[in-house]
Each structure stands twice: as structure tokens, then as C-alpha cells.
>>> print(open('protein35.pdb').read())   # PDB, C-alpha atoms, pLDDT in the B column
MODEL        1
ATOM      1  CA  MET A   5       0.000   0.000   0.000  1.00 77.00           C
ATOM      2  CA  ASP A   6       1.593   3.238  -1.135  1.00 88.00           C
ATOM      3  CA  ILE A   7       0.704   6.297   0.938  1.00 93.00           C
ATOM      4  CA  GLY A   8       2.873   8.611  -1.156  1.00 94.00           C
ATOM      5  CA  LEU A   9       5.587  11.032  -0.175  1.00 94.00           C
ATOM      6  CA  PRO A  10       5.926  12.578   3.296  1.00 94.00           C
ATOM      7  CA  LYS A  11       4.548  16.096   3.613  1.00 94.00           C
ATOM      8  CA  ARG A  12       4.998  17.141   7.216  1.00 95.00           C
ATOM      9  CA  VAL A  13       5.689  15.926  10.739  1.00 96.00           C
ATOM     10  CA  ILE A  14       3.020  16.483  13.392  1.00 97.00           C
ATOM     11  CA  GLU A  15       3.700  16.128  17.101  1.00 97.00           C
ATOM     12  CA  ILE A  16       0.330  15.396  18.711  1.00 97.00           C
ATOM     13  CA  GLU A  17      -0.097  15.493  22.475  1.00 96.00           C
ATOM     14  CA  PRO A  18      -3.825  14.928  23.101  1.00 94.00           C
ATOM     15  CA  ALA A  19      -5.346  16.274  26.305  1.00 91.00           C
ATOM     16  CA  SER A  20      -6.987  12.897  26.893  1.00 91.00           C
ATOM     17  CA  LEU A  21      -5.969   9.596  25.363  1.00 92.00           C
ATOM     18  CA  PRO A  22      -8.528   8.094  22.933  1.00 93.00           C
ATOM     19  CA  VAL A  23      -8.270   4.685  24.610  1.00 94.00           C
ATOM     20  CA  PRO A  24     -10.966   3.029  26.768  1.00 93.00           C
ATOM     21  CA  GLU A  25     -10.441   2.307  30.425  1.00 84.00           C
ATOM     22  CA  PRO A  26      -8.814  -1.041  31.194  1.00 79.00           C
ATOM     23  CA  ALA A  27     -11.256  -3.906  31.557  1.00 73.00           C
ATOM     24  CA  PRO A  28     -12.533  -4.373  35.092  1.00 70.00           C
ATOM     25  CA  ILE A  29     -10.644  -6.946  37.085  1.00 68.00           C
ATOM     26  CA  LEU A  30     -12.981  -9.783  37.894  1.00 63.00           C
ATOM     27  CA  GLU A  31     -10.915 -11.166  40.744  1.00 58.00           C
ATOM     28  CA  PRO A  32     -11.564  -9.623  44.168  1.00 55.00           C
ATOM     29  CA  SER A  33      -9.173  -6.755  44.774  1.00 52.00           C
ATOM     30  CA  ILE A  34      -9.520  -6.926  48.553  1.00 52.00           C
ATOM     31  CA  ASP A  35      -8.790  -9.752  50.927  1.00 56.00           C
ATOM     32  CA  PRO A  36     -11.672 -12.157  51.237  1.00 52.00           C
ATOM     33  CA  LEU A  37     -13.703 -11.819  54.350  1.00 49.00           C
ATOM     34  CA  PRO A  38     -12.585 -14.122  57.133  1.00 52.00           C
ATOM     35  CA  GLU A  39     -14.657 -17.157  57.701  1.00 57.00           C
ATOM     36  CA  VAL A  40     -17.195 -16.690  60.402  1.00 53.00           C
ATOM     37  CA  VAL A  41     -16.683 -19.302  63.092  1.00 55.00           C
ATOM     38  CA  PRO A  42     -19.768 -19.775  65.232  1.00 51.00           C
ATOM     39  CA  GLU A  43     -19.108 -19.334  68.903  1.00 57.00           C
ATOM     40  CA  SER A  44     -19.484 -22.412  71.048  1.00 58.00           C
ATOM     41  CA  GLU A  45     -22.781 -22.626  72.720  1.00 56.00           C
ATOM     42  CA  PRO A  46     -22.697 -21.489  76.307  1.00 57.00           C
ATOM     43  CA  GLU A  47     -23.168 -24.022  78.956  1.00 63.00           C
ATOM     44  CA  PRO A  48     -26.805 -24.152  80.010  1.00 62.00           C
ATOM     45  CA  VAL A  49     -27.331 -22.208  83.118  1.00 62.00           C
ATOM     46  CA  ARG A  50     -28.805 -24.393  85.744  1.00 68.00           C
ATOM     47  CA  ILE A  51     -31.429 -22.560  87.601  1.00 64.00           C
ATOM     48  CA  PRO A  52     -31.504 -23.672  91.213  1.00 65.00           C
ATOM     49  CA  GLU A  53     -34.770 -25.082  92.224  1.00 69.00           C
ATOM     50  CA  PRO A  54     -36.553 -22.908  94.695  1.00 65.00           C
ATOM     51  CA  THR A  55     -35.983 -24.146  98.181  1.00 66.00           C
ATOM     52  CA  ARG A  56     -39.101 -25.041  99.963  1.00 64.00           C
ATOM     53  CA  GLU A  57     -39.600 -23.066 103.077  1.00 64.00           C
ATOM     54  CA  PRO A  58     -40.121 -25.171 106.166  1.00 64.00           C
ATOM     55  CA  ALA A  59     -43.695 -25.499 107.149  1.00 62.00           C
ATOM     56  CA  PRO A  60     -44.677 -23.507 110.154  1.00 63.00           C
ATOM     57  CA  ARG A  61     -44.965 -25.512 113.213  1.00 59.00           C
TER      58      ARG A  61
ATOM     59  CA  MET B   7       0.972  25.962  15.039  1.00 46.00           C
ATOM     60  CA  LYS B   8       4.267  25.738  13.167  1.00 45.00           C
ATOM     61  CA  ALA B   9       7.023  24.875  15.618  1.00 47.00           C
ATOM     62  CA  ALA B  10      10.130  23.970  13.664  1.00 51.00           C
ATOM     63  CA  VAL B  11      11.515  22.479  10.460  1.00 50.00           C
ATOM     64  CA  SER B  12      12.982  18.971  10.285  1.00 52.00           C
ATOM     65  CA  VAL B  13      16.685  19.320   9.655  1.00 46.00           C
ATOM     66  CA  VAL B  14      16.989  16.018   7.755  1.00 52.00           C
ATOM     67  CA  HIS B  15      14.190  16.392   5.207  1.00 65.00           C
ATOM     68  CA  GLY B  16      13.133  19.988   5.442  1.00 79.00           C
ATOM     69  CA  LEU B  17       9.684  18.761   6.458  1.00 88.00           C
ATOM     70  CA  PRO B  18       7.698  21.247   8.468  1.00 91.00           C
ATOM     71  CA  VAL B  19       7.080  20.158  12.059  1.00 93.00           C
ATOM     72  CA  GLU B  20       3.818  21.190  13.678  1.00 94.00           C
ATOM     73  CA  VAL B  21       2.316  20.678  17.124  1.00 95.00           C
ATOM     74  CA  GLU B  22      -1.341  19.674  17.580  1.00 93.00           C
ATOM     75  CA  VAL B  23      -3.556  18.574  20.477  1.00 95.00           C
ATOM     76  CA  GLU B  24      -6.270  16.620  18.618  1.00 96.00           C
ATOM     77  CA  PRO B  25      -5.540  13.061  17.427  1.00 97.00           C
ATOM     78  CA  ILE B  26      -5.832  12.456  13.685  1.00 98.00           C
ATOM     79  CA  LEU B  27      -8.618  10.098  12.553  1.00 98.00           C
ATOM     80  CA  ALA B  28      -7.781   7.874   9.588  1.00 98.00           C
ATOM     81  CA  TRP B  29      -8.756   4.580   7.911  1.00 97.00           C
ATOM     82  CA  ARG B  30      -7.166   1.215   8.543  1.00 97.00           C
ATOM     83  CA  SER B  31      -7.815  -2.494   7.984  1.00 97.00           C
ATOM     84  CA  TRP B  32      -6.728  -5.588   9.916  1.00 97.00           C
ATOM     85  CA  THR B  33      -6.887  -9.353   9.746  1.00 97.00           C
ATOM     86  CA  LEU B  34      -8.720 -11.089  12.592  1.00 97.00           C
ATOM     87  CA  THR B  35      -7.940 -14.107  14.739  1.00 97.00           C
ATOM     88  CA  GLY B  36      -9.968 -15.789  17.472  1.00 96.00           C
ATOM     89  CA  ARG B  37     -11.006 -19.104  18.933  1.00 94.00           C
ATOM     90  CA  ARG B  38     -13.522 -21.458  17.331  1.00 91.00           C
ATOM     91  CA  ASP B  39     -16.318 -20.090  19.537  1.00 91.00           C
ATOM     92  CA  GLY B  40     -15.597 -16.498  18.506  1.00 92.00           C
ATOM     93  CA  ALA B  41     -13.836 -15.621  21.777  1.00 93.00           C
ATOM     94  CA  GLY B  42     -10.314 -14.224  22.137  1.00 96.00           C
ATOM     95  CA  LEU B  43     -10.673 -11.838  19.192  1.00 97.00           C
ATOM     96  CA  LEU B  44      -7.495 -10.055  18.164  1.00 97.00           C
ATOM     97  CA  LEU B  45      -6.849  -7.450  15.474  1.00 98.00           C
ATOM     98  CA  ARG B  46      -3.642  -8.131  13.578  1.00 97.00           C
ATOM     99  CA  PRO B  47      -1.892  -5.987  10.956  1.00 95.00           C
ATOM    100  CA  VAL B  48      -2.300  -7.261   7.392  1.00 93.00           C
ATOM    101  CA  THR B  49       1.500  -7.303   7.179  1.00 87.00           C
ATOM    102  CA  ALA B  50       2.740 -10.676   8.405  1.00 78.00           C
ATOM    103  CA  GLY B  51       5.007 -10.651  11.414  1.00 78.00           C
ATOM    104  CA  SER B  52       3.736  -7.369  12.834  1.00 84.00           C
ATOM    105  CA  ARG B  53       2.502  -7.097  16.395  1.00 91.00           C
ATOM    106  CA  ALA B  54      -1.195  -7.586  17.190  1.00 96.00           C
ATOM    107  CA  TRP B  55      -3.285  -4.643  18.390  1.00 97.00           C
ATOM    108  CA  ARG B  56      -4.358  -5.742  21.856  1.00 97.00           C
ATOM    109  CA  PRO B  57      -7.772  -4.726  23.263  1.00 97.00           C
ATOM    110  CA  ARG B  58      -7.794  -1.638  25.505  1.00 96.00           C
ATOM    111  CA  GLU B  59      -4.045  -1.132  24.993  1.00 96.00           C
ATOM    112  CA  ILE B  60      -2.374   1.617  23.011  1.00 97.00           C
ATOM    113  CA  ALA B  61      -0.724   0.284  19.852  1.00 97.00           C
ATOM    114  CA  GLN B  62       2.841   1.563  19.697  1.00 96.00           C
ATOM    115  CA  ALA B  63       5.067   1.614  16.631  1.00 95.00           C
ATOM    116  CA  THR B  64       8.412  -0.120  16.699  1.00 91.00           C
ATOM    117  CA  CYS B  65      11.031  -0.564  14.011  1.00 90.00           C
ATOM    118  CA  ARG B  66      13.376  -3.439  13.243  1.00 82.00           C
ATOM    119  CA  LEU B  67      16.027  -0.756  13.028  1.00 77.00           C
ATOM    120  CA  ALA B  68      15.211   0.409  16.549  1.00 72.00           C
ATOM    121  CA  TRP B  69      18.922   0.556  17.357  1.00 73.00           C
ATOM    122  CA  SER B  70      19.257   3.412  14.887  1.00 79.00           C
ATOM    123  CA  HIS B  71      16.009   5.342  15.167  1.00 88.00           C
ATOM    124  CA  GLU B  72      12.669   5.688  16.867  1.00 90.00           C
ATOM    125  CA  ALA B  73       9.473   4.888  14.900  1.00 93.00           C
ATOM    126  CA  PRO B  74       8.131   6.546  12.856  1.00 95.00           C
ATOM    127  CA  ASN B  75      11.160   7.868  11.072  1.00 92.00           C
ATOM    128  CA  ALA B  76      11.095   9.984   7.925  1.00 89.00           C
ATOM    129  CA  ASP B  77      13.890   7.893   6.379  1.00 87.00           C
ATOM    130  CA  CYS B  78      12.092   4.594   6.953  1.00 91.00           C
ATOM    131  CA  SER B  79       8.665   3.062   6.281  1.00 91.00           C
ATOM    132  CA  CYS B  80       8.118   2.221   9.955  1.00 93.00           C
ATOM    133  CA  GLY B  81       5.181   3.390  12.044  1.00 95.00           C
ATOM    134  CA  LEU B  82       1.518   2.496  12.383  1.00 96.00           C
ATOM    135  CA  HIS B  83       0.032   3.037   8.922  1.00 96.00           C
ATOM    136  CA  ALA B  84      -3.405   4.500   8.154  1.00 97.00           C
ATOM    137  CA  THR B  85      -4.906   6.101   5.071  1.00 97.00           C
ATOM    138  CA  ARG B  86      -6.751   9.320   4.338  1.00 97.00           C
ATOM    139  CA  GLU B  87      -9.295   7.631   2.032  1.00 95.00           C
ATOM    140  CA  VAL B  88     -10.935   4.257   2.577  1.00 94.00           C
ATOM    141  CA  ASP B  89     -10.599   3.169  -1.063  1.00 92.00           C
ATOM    142  CA  LEU B  90      -6.819   2.917  -0.782  1.00 93.00           C
ATOM    143  CA  LEU B  91      -7.325   0.016   1.652  1.00 94.00           C
ATOM    144  CA  ARG B  92      -8.953  -2.079  -1.080  1.00 89.00           C
ATOM    145  CA  ARG B  93      -5.434  -2.941  -2.209  1.00 83.00           C
ATOM    146  CA  THR B  94      -4.479  -4.475   1.150  1.00 87.00           C
ATOM    147  CA  ARG B  95      -4.062  -8.214   1.609  1.00 84.00           C
ATOM    148  CA  CYS B  96      -6.834 -10.153   3.388  1.00 87.00           C
ATOM    149  CA  PRO B  97      -8.622  -7.354   5.246  1.00 94.00           C
ATOM    150  CA  ALA B  98     -11.241  -8.721   7.669  1.00 97.00           C
ATOM    151  CA  VAL B  99     -11.962  -5.605   9.717  1.00 97.00           C
ATOM    152  CA  LEU B 100     -12.282  -2.020   8.590  1.00 97.00           C
ATOM    153  CA  GLY B 101     -12.046   0.878  11.007  1.00 97.00           C
ATOM    154  CA  ARG B 102     -11.294   4.438  11.948  1.00 98.00           C
ATOM    155  CA  VAL B 103      -8.223   4.862  14.126  1.00 98.00           C
ATOM    156  CA  ALA B 104      -6.975   7.721  16.274  1.00 98.00           C
ATOM    157  CA  LEU B 105      -3.305   8.549  15.683  1.00 98.00           C
ATOM    158  CA  TRP B 106      -1.087  10.569  17.964  1.00 98.00           C
ATOM    159  CA  GLY B 107       2.451  11.062  19.229  1.00 97.00           C
ATOM    160  CA  ARG B 108       4.786  11.699  16.313  1.00 97.00           C
ATOM    161  CA  VAL B 109       2.750  11.400  13.111  1.00 97.00           C
ATOM    162  CA  ILE B 110       4.315  11.696   9.654  1.00 97.00           C
ATOM    163  CA  GLU B 111       1.702  12.889   7.215  1.00 97.00           C
ATOM    164  CA  HIS B 112       2.046  11.558   3.658  1.00 97.00           C
ATOM    165  CA  GLU B 113       0.193  12.436   0.461  1.00 97.00           C
ATOM    166  CA  HIS B 114      -2.363   9.637   0.978  1.00 97.00           C
ATOM    167  CA  GLY B 115      -2.001   8.623   4.604  1.00 97.00           C
ATOM    168  CA  TYR B 116      -0.069   8.652   7.840  1.00 98.00           C
ATOM    169  CA  ARG B 117       2.567   6.827   9.861  1.00 97.00           C
ATOM    170  CA  ALA B 118       2.122   7.263  13.615  1.00 98.00           C
ATOM    171  CA  LYS B 119       3.834   6.453  16.897  1.00 97.00           C
ATOM    172  CA  PHE B 120       0.615   5.630  18.814  1.00 98.00           C
ATOM    173  CA  ALA B 121      -2.862   4.505  17.726  1.00 98.00           C
ATOM    174  CA  TYR B 122      -6.108   2.967  18.924  1.00 98.00           C
ATOM    175  CA  PRO B 123      -9.240   2.003  16.931  1.00 98.00           C
ATOM    176  CA  GLN B 124     -12.303   4.205  17.412  1.00 98.00           C
ATOM    177  CA  ARG B 125     -14.876   2.453  15.192  1.00 98.00           C
ATOM    178  CA  LEU B 126     -14.807  -1.058  13.751  1.00 98.00           C
ATOM    179  CA  ARG B 127     -16.759  -3.201  11.304  1.00 97.00           C
ATOM    180  CA  LEU B 128     -16.314  -6.645   9.792  1.00 97.00           C
ATOM    181  CA  ILE B 129     -16.090  -6.751   5.994  1.00 96.00           C
ATOM    182  CA  CYS B 130     -16.290  -9.422   3.326  1.00 96.00           C
ATOM    183  CA  GLN B 131     -12.859  -8.913   1.805  1.00 95.00           C
ATOM    184  CA  PHE B 132     -13.957 -10.287  -1.569  1.00 93.00           C
ATOM    185  CA  CYS B 133     -16.798  -7.760  -1.848  1.00 94.00           C
ATOM    186  CA  PHE B 134     -14.451  -5.047  -0.588  1.00 94.00           C
ATOM    187  CA  TRP B 135     -11.877  -5.829  -3.274  1.00 91.00           C
ATOM    188  CA  GLN B 136     -14.547  -5.781  -5.986  1.00 89.00           C
ATOM    189  CA  GLY B 137     -16.671  -2.869  -4.891  1.00 83.00           C
ATOM    190  CA  SER B 138     -17.192  -0.335  -2.162  1.00 76.00           C
ATOM    191  CA  ALA B 139     -16.834  -0.668   1.594  1.00 77.00           C
ATOM    192  CA  ALA B 140     -20.562  -0.069   2.000  1.00 81.00           C
ATOM    193  CA  ALA B 141     -21.396  -3.155  -0.058  1.00 82.00           C
ATOM    194  CA  SER B 142     -19.105  -5.487   1.879  1.00 91.00           C
ATOM    195  CA  LYS B 143     -21.334  -6.503   4.790  1.00 93.00           C
ATOM    196  CA  PRO B 144     -20.616 -10.140   5.723  1.00 96.00           C
ATOM    197  CA  ASP B 145     -23.202 -12.767   6.717  1.00 96.00           C
ATOM    198  CA  VAL B 146     -20.881 -15.269   8.364  1.00 96.00           C
ATOM    199  CA  VAL B 147     -17.380 -15.526   9.786  1.00 96.00           C
ATOM    200  CA  SER B 148     -15.421 -18.601   8.735  1.00 96.00           C
ATOM    201  CA  TRP B 149     -12.981 -20.131  11.188  1.00 96.00           C
ATOM    202  CA  TYR B 150      -9.850 -21.651   9.660  1.00 96.00           C
ATOM    203  CA  ALA B 151      -6.616 -23.192  10.885  1.00 94.00           C
ATOM    204  CA  ARG B 152      -4.349 -21.062  13.066  1.00 93.00           C
ATOM    205  CA  ASP B 153      -7.470 -19.337  14.463  1.00 96.00           C
ATOM    206  CA  LEU B 154      -7.854 -17.223  11.324  1.00 96.00           C
ATOM    207  CA  LEU B 155     -11.325 -15.630  11.088  1.00 97.00           C
ATOM    208  CA  VAL B 156     -12.553 -14.579   7.643  1.00 97.00           C
ATOM    209  CA  PRO B 157     -15.848 -12.661   7.381  1.00 97.00           C
ATOM    210  CA  MET B 158     -17.748 -13.463   4.168  1.00 96.00           C
ATOM    211  CA  CYS B 159     -21.079 -12.924   2.511  1.00 95.00           C
ATOM    212  CA  VAL B 160     -23.085 -16.068   1.699  1.00 95.00           C
ATOM    213  CA  HIS B 161     -22.164 -15.819  -1.974  1.00 95.00           C
ATOM    214  CA  HIS B 162     -18.417 -15.714  -1.333  1.00 95.00           C
ATOM    215  CA  LEU B 163     -18.671 -18.467   1.297  1.00 96.00           C
ATOM    216  CA  GLY B 164     -20.029 -20.648  -1.523  1.00 96.00           C
ATOM    217  CA  VAL B 165     -17.194 -19.571  -3.817  1.00 95.00           C
ATOM    218  CA  ALA B 166     -14.630 -20.321  -1.102  1.00 94.00           C
ATOM    219  CA  GLU B 167     -16.074 -23.781  -0.441  1.00 95.00           C
ATOM    220  CA  ALA B 168     -16.206 -24.568  -4.163  1.00 96.00           C
ATOM    221  CA  ASN B 169     -12.509 -23.732  -4.348  1.00 95.00           C
ATOM    222  CA  GLY B 170     -11.448 -25.979  -1.501  1.00 95.00           C
ATOM    223  CA  MET B 171     -11.523 -23.354   1.267  1.00 93.00           C
ATOM    224  CA  ARG B 172     -14.025 -25.181   3.454  1.00 94.00           C
ATOM    225  CA  PRO B 173     -14.088 -23.539   6.879  1.00 95.00           C
ATOM    226  CA  ARG B 174     -13.740 -25.704   9.994  1.00 94.00           C
ATOM    227  CA  ARG B 175     -16.567 -23.761  11.623  1.00 95.00           C
ATOM    228  CA  ILE B 176     -18.978 -21.002  10.590  1.00 96.00           C
ATOM    229  CA  LEU B 177     -20.066 -18.299  13.032  1.00 96.00           C
ATOM    230  CA  PRO B 178     -22.792 -15.646  12.628  1.00 95.00           C
ATOM    231  CA  ALA B 179     -21.159 -12.371  11.553  1.00 96.00           C
ATOM    232  CA  GLY B 180     -23.446 -10.234  13.735  1.00 95.00           C
ATOM    233  CA  LEU B 181     -22.309 -12.037  16.880  1.00 94.00           C
ATOM    234  CA  VAL B 182     -18.607 -11.741  16.058  1.00 96.00           C
ATOM    235  CA  ASP B 183     -19.021  -8.078  15.057  1.00 97.00           C
ATOM    236  CA  LEU B 184     -20.698  -7.271  18.385  1.00 96.00           C
ATOM    237  CA  ARG B 185     -18.124  -9.225  20.361  1.00 96.00           C
ATOM    238  CA  LEU B 186     -15.290  -7.456  18.529  1.00 97.00           C
ATOM    239  CA  ARG B 187     -16.692  -4.030  19.440  1.00 97.00           C
ATOM    240  CA  GLU B 188     -17.215  -5.110  23.054  1.00 96.00           C
ATOM    241  CA  THR B 189     -13.684  -6.496  23.228  1.00 96.00           C
ATOM    242  CA  TYR B 190     -12.099  -3.255  21.994  1.00 97.00           C
ATOM    243  CA  ALA B 191     -14.757  -1.040  23.649  1.00 97.00           C
ATOM    244  CA  VAL B 192     -15.443   0.898  20.438  1.00 97.00           C
ATOM    245  CA  ASP B 193     -18.498   1.933  18.432  1.00 96.00           C
ATOM    246  CA  ALA B 194     -19.798   0.465  15.197  1.00 97.00           C
ATOM    247  CA  LEU B 195     -18.454   1.890  11.958  1.00 96.00           C
ATOM    248  CA  ALA B 196     -21.240   3.220   9.753  1.00 90.00           C
ATOM    249  CA  ILE B 197     -20.381   3.515   6.074  1.00 79.00           C
TER     250      ILE B 197
ENDMDL
END
>>> encode(input="protein35.pdb", output="C-alpha cells")
Amino acid sequence: MDIGLPKRVIEIEPASLPVPEPAPILEPSIDPLPEVVPESEPEPVRIPEPTREPAPR
Amino acid sequence: MKAAVSVVHGLPVEVEVEPILAWRSWTLTGRRDGAGLLLRPVTAGSRAWRPREIAQATCRLAWSHEAPNADCSCGLHATREVDLLRRTRCPAVLGRVALWGRVIEHEHGYRAKFAYPQRLRLICQFCFWQGSAAASKPDVVSWYARDLLVPMCVHHLGVAEANGMRPRRILPAGLVDLRLRETYAVDALAI
């Protein structure tokens, strides 16, 4: 393909580059959230049985 | 704005802020499912134009000069008129490109340091060679060995098959055209 003889030199410094933004990165860019470990169930609280008051004599 | 005069060739040197828009054609490669599309210069051995990356000119004589150089034919080529591209070898994609950095303007085109496509369209190269760009809309894209993708109209697909160029797979041109524009994040070229 012949584009002919050179005519002039142009130095072009565009204010903004005519190139799209880079493709979004699909991998997570932050550390993954830590695994949530369920706390161990608390020991059941034993409720003391009400003490029976002595019968009046 | 006229800034200086090239000492070597007496070419005027000017400074601009707007990229030049010009015509260019490429060959196209991709996987059998139409993924991994890549624009490649029609000149064998040249570097592919990667999606969302600025194409930058290099020269085999890089040890002696930076591309483009007035004494050489190096640089990213583009033409002023679309019809000049009808003489290129195996064009699959036609487009408008933005050129910037050092650009050497020629009588019928340009050689630039940096470029990126702005609008793209698949073409049937056989229709393009015979007629105008407007009448070269392909119907299918044929997938050949070495991941070569060749857009064709139905008529020229028949001619290709009759001459022993049976594609390994045939893809719908509309799908590949859309995927190409999404890959390079550019608009459709209207002719």
C-alpha cells in the first residue's frame, strides 16, 4: 500500500488519550472476608430449684 | 501551530492537540467459539493490536532510530481515504483509528507512533476488493486453521467452499461483530 511522499511531521499530544479504560478486574481486589466461626454454645445455666420453706410448726 | 523544520528532510514540524482520525484495515484471529478476538496488521510478522491497549510503533532498526522515522517506512500506517485500503491483503476488519504522538503525514495517509481504533466493522474482503466498503457486509465468519477468522457474505462463502476453502466452523457475523466491538470497547463503523 503506497501512501505517497511525506509532507509534514506532526507532534500530537492529546489532552486525553482516545483509549478506553482497562477492563474491570474480575478477581476480588480486597482480601476475602474471614470465615465466620460460630461461637461455642454457652453451657446451660442451671437454675436452682426454689428451696421449699419449712412449714410452720 | 508551526514549531520547527525537520533538519533532515526539510519537512515542516507542527504541534497539535487533537488526534488524527484515519482509515485502517486488519486481519482477525480468534477461537472457534468467537472468543479471544485479536486485530492483527495485514503485514505478516507485525505485532497484534491488543484490546484496551495503546498500539505503539516499533522498528526493526530500533537501534538506529525511533518509529516513525522519515527515512524509513516504519510506524503504524493509516490512510486518508478508505478506497486505498482495497489494495491491502486479506482485510477482515475495517475501522477508523486515532493517531497521535509523532505522526508523519504523507500524500495519501499517515505513519504514527501511537494509535487505537475508534470504530470497527467486519467486511467481506472479496466484496471489498470488488466494490465499495458499503457493499461489503458479511453474513458469516469462517474459522480456519491457526485461528484465522474470515468474514464473508453467503455468496463468497459458496465460492470459497467450491474452491477448496471449506471452513472448519462457521459463526454468525453479527455475533462476532458485536463481540469485537465489546472487546475493543469501540463503536460500530457506519459507512
>>> atom_distance(input="protein35.pdb", atom1="atom CA of Leu128 of chain B", atom2="atom CA of Leu186 of chain B")
8.8 Å
>>> atom_distance(input="protein35.pdb", atom1="atom CA of Pro18 of chain B", atom2="atom CA of Leu82 of chain B")
20.1 Å
>>> residues_around(input="protein35.pdb", residues="segment 44-50 of chain B", least_positions_apart="5", cutoff="7 Å", atoms="only C-alpha atoms", output="count of residues only")
10
>>> closest_atom_pairs(input="protein35.pdb", of="chain B", to="chain A", cutoff="7 Å", atoms="only C-alpha atoms", output="Markdown table")
| residue | atom | partner | partner_atom | distance |
| --- | --- | --- | --- | --- |
| B:Leu17 | CA | A:Arg12 | CA | 5.0 |
| B:Pro18 | CA | A:Arg12 | CA | 5.1 |
| B:Val19 | CA | A:Val13 | CA | 4.6 |
| B:Glu20 | CA | A:Ile14 | CA | 4.8 |
| B:Val21 | CA | A:Glu15 | CA | 4.8 |
| B:Glu22 | CA | A:Ile16 | CA | 4.7 |
| B:Val23 | CA | A:Pro18 | CA | 4.5 |
| B:Glu24 | CA | A:Pro18 | CA | 5.4 |
| B:Pro25 | CA | A:Pro18 | CA | 6.2 |
| B:Arg58 | CA | A:Pro24 | CA | 5.8 |
| B:Ile60 | CA | A:Val23 | CA | 6.8 |
| B:Thr85 | CA | A:Ile7 | CA | 7.0 |
| B:Arg93 | CA | A:Met5 | CA | 6.6 |
| B:Thr94 | CA | A:Met5 | CA | 6.4 |
| B:Ala104 | CA | A:Pro22 | CA | 6.8 |
| B:Trp106 | CA | A:Ile16 | CA | 5.1 |
| B:Gly107 | CA | A:Ile16 | CA | 4.9 |
| B:Arg108 | CA | A:Glu15 | CA | 4.6 |
| B:Val109 | CA | A:Ile14 | CA | 5.1 |
| B:Ile110 | CA | A:Val13 | CA | 4.6 |
| B:Glu111 | CA | A:Arg12 | CA | 5.4 |
| B:His112 | CA | A:Pro10 | CA | 4.0 |
| B:Glu113 | CA | A:Gly8 | CA | 4.9 |
| B:His114 | CA | A:Ile7 | CA | 4.5 |
| B:Gly115 | CA | A:Ile7 | CA | 5.1 |
| B:Tyr122 | CA | A:Val23 | CA | 6.3 |
| B:Ala191 | CA | A:Pro24 | CA | 6.4 |
>>> residues_around(input="protein35.pdb", residues="Ile176 of chain B", least_positions_apart="3", cutoff="7 Å", atoms="all atoms listed in the file", output="PyMOL selection string")
chain B and resi 146-149+173
>>> resolve_selection(input="protein35.pdb", expression="the PyMOL selection byres ((chain B and resi 139) around 8)", output="number ranges by chain")
B: 88-89, 129, 133-134, 137-138, 140-142, 197
>>> atom_distance(input="protein35.pdb", atom1="atom CA of Arg174 of chain B", atom2="atom CA of Trp135 of chain B")
24.0 Å
>>> closest_residue(input="protein35.pdb", among="B:Phe132, B:Trp29, B:Trp69, B:Tyr190", to="Leu105 of chain B", atoms="all atoms listed in the file")
B:Trp29
>>> axis_aligned_box(input="protein35.pdb", around="segment 143-151 of chain B", padding_each_side="6 Å", output="AutoDock Vina command-line options")
--center_x -14.9 --center_y -14.8 --center_z 8.0 --size_x 28.6 --size_y 28.7 --size_z 18.4
>>> resolve_selection(input="protein35.pdb", expression="the PyMOL selection byres ((chain B and resi 65) around 10)", output="list in words")
Ala63, Thr64, Arg66, Leu67, Ala68, Trp69, Ser70, His71, Glu72, Ala73, Pro74, Asn75, Cys78, Ser79, Cys80 and Gly81 of chain B
>>> write_last_selection(input="protein35.pdb", atoms="C-alpha atoms", output="mmCIF file, in the coordinates of the input")
data_model
loop_
_atom_site.group_PDB
_atom_site.id
_atom_site.type_symbol
_atom_site.label_atom_id
_atom_site.label_comp_id
_atom_site.auth_asym_id
_atom_site.auth_seq_id
_atom_site.Cartn_x
_atom_site.Cartn_y
_atom_site.Cartn_z
ATOM 1 C CA ALA B 63 5.067 1.614 16.631
ATOM 2 C CA THR B 64 8.412 -0.120 16.699
ATOM 3 C CA ARG B 66 13.376 -3.439 13.243
ATOM 4 C CA LEU B 67 16.027 -0.756 13.028
ATOM 5 C CA ALA B 68 15.211 0.409 16.549
ATOM 6 C CA TRP B 69 18.922 0.556 17.357
ATOM 7 C CA SER B 70 19.257 3.412 14.887
ATOM 8 C CA HIS B 71 16.009 5.342 15.167
ATOM 9 C CA GLU B 72 12.669 5.688 16.867
ATOM 10 C CA ALA B 73 9.473 4.888 14.900
ATOM 11 C CA PRO B 74 8.131 6.546 12.856
ATOM 12 C CA ASN B 75 11.160 7.868 11.072
ATOM 13 C CA CYS B 78 12.092 4.594 6.953
ATOM 14 C CA SER B 79 8.665 3.062 6.281
ATOM 15 C CA CYS B 80 8.118 2.221 9.955
ATOM 16 C CA GLY B 81 5.181 3.390 12.044
#
>>> resolve_selection(input="protein35.pdb", expression="the PyMOL selection byres ((chain B and resi 62) around 6)", output="list in words")
Ala61, Ala63, Lys119 and Phe120 of chain B
>>> residues_near_point(input="protein35.pdb", point="(-19.0, -13.3, -7.5)", cutoff="10 Å", atoms="all atoms listed in the file", output="list in words")
Phe132, Cys133, Gln136, His161, His162, Gly164 and Val165 of chain B
